[in-house]
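I have placed the structure first, in the form of structure tokens, so that the comments after it can refer back to it.
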Amino acid sequence: MTGVKITNKLSQNRKRKITVILLAVLLAAAIVASAGLWLVFRSRSLDLSVPYDGAAEFYNDTFGAEAFQKAAAFASDLCVGSADISREGVSISQQACAGLFDLESGTVLFAQGMYDRMYPASITKIMTGILAVKYGNMDDVVTITDAELNLEEGSTEVGFQPGDQVTMGELLHVLLIYSGNDAAMAIARQVGGTVDQFVEMMNQEAAALGATGTHFVNPSGLHDENHYTTVYDIYLMLNEALNYPEFTEVMQLSSYNLTFTRNGEEQVIHMDSTDQYMTRQVPTPKDVTILGGKTGTTGDAGSCLALVSQNAYGEPFISIVLHAPTKASLYDNMSQLLSQINS
């Protein structure tokens with residue numbers, strides 16, 4: 001009986017040894033695989049010898065555009081920082097909130113009230129644009145109704161009339177370049193079925209991105225006391241928007257000729273960007289390239305701007321200013337931030 005027990009113990013020991021060996025082999029294989037993946041991603045990092053190009057850098061077809069849409073241009077980790085981070089040479093308007101985010105290093109370079117809840121005005125349309133390209137078909141034709149028009153006095157609208165037919169792709173251009181509230185409403189109805197359902201989608205998407213300081217009431221950014229966000233949440237949204245080629249291609253345009261159909265005849269409306277950097281009304285700081293972004297202005301929100309830019313080495317940044325008291329102070333504050341990306 002003793003011999004049998006010893007044999008069983010040896011057999012158990014052998015099994016344990018084999019198990020340990022197998023686990024060691026699997027662990028080694030995992031380490032090798034991880035190292036291989038690290039080398040792949042490392043080799044796909046931003047080439048500083050080549051000027052940064054929004055359309056080219058956001059997408060790389062070596063492994064498939066959808067598989068690694070952001071890997072080539074942006075760090076996988078999000079920027080995280082405290083509510084206030086000062087920086088020599090930056091003095092933002094006291095009532096404004098602002099942030100400067102280094103996407104390559106995942107660093108917050110400057111922050112003022114980064115987590116304070118603020119009214120975003122048309123910065124809202126970043127989220128509207130995300131849902132448009134994520135869930136919409138750019139070739140779908142949308143018929144404009146009365147519900148999209150005459151939203152309130154002073155509302156920015158491109159000039160659609162009931163019955164006009166326009167593709168989702170054209171609506172996206174109106175949304176991001178001209179900041180048309182009529183386009184925002186038409187996109188919401190097309191994608192969400194109803195505007196209320198679309199707004200629910202906006203809030204769900206914000207929560208999924210970790211934008212916990214955000215609550216949307218409409219797709220346009222027209223003022224509502226329950227419609228708010230933060231500088232940091234806007235960073236999260238704009239960073240997410242860079243995953244979608246339709247979005248990034250449109251946001252880089254300084255002007256566009258909108259084409260749609262009215263009573264069976266083709267109509268064309270020229271639109272200029274609401275971003276004064278894009279239209280060269282405001283000079284860009286030295287060695288800074290503006291890749292695009294979104295403006296926003298209401299009486300309660302003040303003047304707002306969120307931008308994607310690159311420095312002299314092609315490194316990407318997001319900069320945001322909310323609630324500047326005037327348009328002039330907005331661009332002064334933003335230029336201070338942009339001047340820091342080469343230092």
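Within each chain, counting starts at residue 1; across the structure tokens, chains are named A, B, ... in the order shown, with ligands numbered 1 upward in that order.
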For Val288 (chain A), work out the shell of residues within 10 Å, counting only C-alpha atoms and skipping chain neighbours fewer than 2 positions away, then give it as a VMD selection string. chain A and resid 284 to 286 290 to 291 309 to 314 335 338 to 342
Any chance you could list, as a VMD selection string, the residues in region 86-293 of chain A that come up strand (DSSP E or B) when DSSP is run on the backbone? chain A and resid 97 to 102 107 to 112 118 141 to 143 165 to 167 215 228 to 229 255 to 262 265 to 272 289 to 293
Thr295 (chain A) surroundings by only C-alpha atoms, 7 Å radius, close-in-sequence under 4 positions cut, as a PyMOL selection string: chain A and resi 122-123+274-275+304-306
Store the residues picked out above, limited to N, CA, C and O atoms, as a PDB file, in the first residue's frame.
ATOM      1  N   SER A 122     -22.344  76.392 -29.226  1.00  0.00           N
ATOM      2  CA  SER A 122     -22.247  75.469 -30.366  1.00  0.00           C
ATOM      3  C   SER A 122     -21.079  74.491 -30.291  1.00  0.00           C
ATOM      4  O   SER A 122     -20.932  73.652 -31.188  1.00  0.00           O
ATOM      5  N   ILE A 123     -20.259  74.581 -29.244  1.00  0.00           N
ATOM      6  CA  ILE A 123     -19.278  73.518 -29.016  1.00  0.00           C
ATOM      7  C   ILE A 123     -20.016  72.177 -28.898  1.00  0.00           C
ATOM      8  O   ILE A 123     -19.478  71.104 -29.177  1.00  0.00           O
ATOM      9  N   THR A 274     -16.698  79.580 -39.116  1.00  0.00           N
ATOM     10  CA  THR A 274     -16.892  80.524 -38.013  1.00  0.00           C
ATOM     11  C   THR A 274     -15.619  80.700 -37.197  1.00  0.00           C
ATOM     12  O   THR A 274     -15.558  81.548 -36.308  1.00  0.00           O
ATOM     13  N   ASP A 275     -14.587  79.909 -37.497  1.00  0.00           N
ATOM     14  CA  ASP A 275     -13.303  79.982 -36.793  1.00  0.00           C
ATOM     15  C   ASP A 275     -12.417  81.023 -37.482  1.00  0.00           C
ATOM     16  O   ASP A 275     -12.048  80.868 -38.640  1.00  0.00           O
ATOM     17  N   CYS A 304     -16.597  80.905 -27.155  1.00  0.00           N
ATOM     18  CA  CYS A 304     -15.974  79.612 -26.876  1.00  0.00           C
ATOM     19  C   CYS A 304     -15.266  79.088 -28.125  1.00  0.00           C
ATOM     20  O   CYS A 304     -15.693  79.356 -29.254  1.00  0.00           O
ATOM     21  N   LEU A 305     -14.205  78.320 -27.911  1.00  0.00           N
ATOM     22  CA  LEU A 305     -13.459  77.738 -29.027  1.00  0.00           C
ATOM     23  C   LEU A 305     -12.702  76.502 -28.567  1.00  0.00           C
ATOM     24  O   LEU A 305     -12.067  76.514 -27.513  1.00  0.00           O
ATOM     25  N   ALA A 306     -12.810  75.444 -29.344  1.00  0.00           N
ATOM     26  CA  ALA A 306     -12.047  74.209 -29.109  1.00  0.00           C
ATOM     27  C   ALA A 306     -11.303  73.874 -30.385  1.00  0.00           C
ATOM     28  O   ALA A 306     -11.905  73.821 -31.465  1.00  0.00           O
TER      29      ALA A 306
END
Compile the contact shell of Phe160 (chain A) as a VMD selection string: residues with an atom at most 9 Å away, counting only C-alpha atoms, same-chain residues fewer than 2 positions apart removed. chain A and resid 144 148 to 149 157 to 158 162 to 164 182 to 183 262
If we count only C-alpha atoms, what is near Leu209 (chain A) at a cut-off of 9 Å, once residues fewer than 5 positions away on the same chain are taken out, given as a VMD selection string? chain A and resid 204 233 236 to 237 240
DSSP says alpha helix (DSSP H) for which residues of region 118-239 of chain A? Put them as an NGL selection string? :A and (125-135 or 168-173 or 181-192 or 195-209 or 231-239)
Contacts of Met168 (chain A) at 7 Å or less, counting only C-alpha atoms, minus same-chain residues fewer than 5 places along, as an NGL selection string? :A and (137-142)
Prev. selection, all heavy atoms, output as a PDB file, in the first residue's frame:
ATOM      1  N   ASN A 137     -25.660  57.682 -42.120  1.00  0.00           N
ATOM      2  CA  ASN A 137     -25.121  57.365 -43.447  1.00  0.00           C
ATOM      3  C   ASN A 137     -24.982  58.680 -44.206  1.00  0.00           C
ATOM      4  O   ASN A 137     -25.974  59.373 -44.440  1.00  0.00           O
ATOM      5  CB  ASN A 137     -26.067  56.411 -44.188  1.00  0.00           C
ATOM      6  CG  ASN A 137     -25.524  55.980 -45.535  1.00  0.00           C
ATOM      7  OD1 ASN A 137     -24.719  56.675 -46.148  1.00  0.00           O
ATOM      8  ND2 ASN A 137     -25.987  54.843 -46.024  1.00  0.00           N
ATOM      9  N   MET A 138     -23.758  59.040 -44.574  1.00  0.00           N
ATOM     10  CA  MET A 138     -23.517  60.336 -45.204  1.00  0.00           C
ATOM     11  C   MET A 138     -24.201  60.480 -46.558  1.00  0.00           C
ATOM     12  O   MET A 138     -24.364  61.601 -47.057  1.00  0.00           O
ATOM     13  CB  MET A 138     -22.010  60.577 -45.341  1.00  0.00           C
ATOM     14  CG  MET A 138     -21.265  60.704 -44.024  1.00  0.00           C
ATOM     15  SD  MET A 138     -21.814  62.083 -42.987  1.00  0.00           S
ATOM     16  CE  MET A 138     -22.794  61.220 -41.739  1.00  0.00           C
ATOM     17  N   ASP A 139     -24.635  59.381 -47.164  1.00  0.00           N
ATOM     18  CA  ASP A 139     -25.301  59.446 -48.462  1.00  0.00           C
ATOM     19  C   ASP A 139     -26.820  59.563 -48.343  1.00  0.00           C
ATOM     20  O   ASP A 139     -27.506  59.796 -49.343  1.00  0.00           O
ATOM     21  CB  ASP A 139     -24.961  58.209 -49.297  1.00  0.00           C
ATOM     22  CG  ASP A 139     -23.492  58.162 -49.684  1.00  0.00           C
ATOM     23  OD1 ASP A 139     -22.915  59.242 -49.922  1.00  0.00           O
ATOM     24  OD2 ASP A 139     -22.926  57.050 -49.753  1.00  0.00           O
ATOM     25  N   ASP A 140     -27.359  59.380 -47.140  1.00  0.00           N
ATOM     26  CA  ASP A 140     -28.812  59.487 -46.955  1.00  0.00           C
ATOM     27  C   ASP A 140     -29.284  60.895 -47.280  1.00  0.00           C
ATOM     28  O   ASP A 140     -28.624  61.888 -46.952  1.00  0.00           O
ATOM     29  CB  ASP A 140     -29.199  59.156 -45.517  1.00  0.00           C
ATOM     30  CG  ASP A 140     -29.187  57.652 -45.243  1.00  0.00           C
ATOM     31  OD1 ASP A 140     -29.039  56.878 -46.207  1.00  0.00           O
ATOM     32  OD2 ASP A 140     -29.313  57.267 -44.064  1.00  0.00           O
ATOM     33  N   VAL A 141     -30.452  60.984 -47.923  1.00  0.00           N
ATOM     34  CA  VAL A 141     -31.048  62.276 -48.260  1.00  0.00           C
ATOM     35  C   VAL A 141     -32.096  62.632 -47.214  1.00  0.00           C
ATOM     36  O   VAL A 141     -32.984  61.832 -46.896  1.00  0.00           O
ATOM     37  CB  VAL A 141     -31.687  62.240 -49.662  1.00  0.00           C
ATOM     38  CG1 VAL A 141     -32.379  63.576 -49.967  1.00  0.00           C
ATOM     39  CG2 VAL A 141     -30.619  61.944 -50.718  1.00  0.00           C
ATOM     40  N   VAL A 142     -31.989  63.821 -46.659  1.00  0.00           N
ATOM     41  CA  VAL A 142     -32.887  64.305 -45.611  1.00  0.00           C
ATOM     42  C   VAL A 142     -33.761  65.413 -46.177  1.00  0.00           C
ATOM     43  O   VAL A 142     -33.265  66.321 -46.857  1.00  0.00           O
ATOM     44  CB  VAL A 142     -32.078  64.836 -44.408  1.00  0.00           C
ATOM     45  CG1 VAL A 142     -33.020  65.344 -43.319  1.00  0.00           C
ATOM     46  CG2 VAL A 142     -31.152  63.754 -43.867  1.00  0.00           C
TER      47      VAL A 142
END
Do a neighbour search on Leu322 (chain A) at 9 Å with only C-alpha atoms, toss out local chain neighbours closer than 5 positions, and write the hits as a PyMOL selection string. chain A and resi 95-98+118-120+230-231+296+301-306+330
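Put simply, CA of Gly293 (chain A) is 20.4 Å away from CA of Ser105 (chain A).
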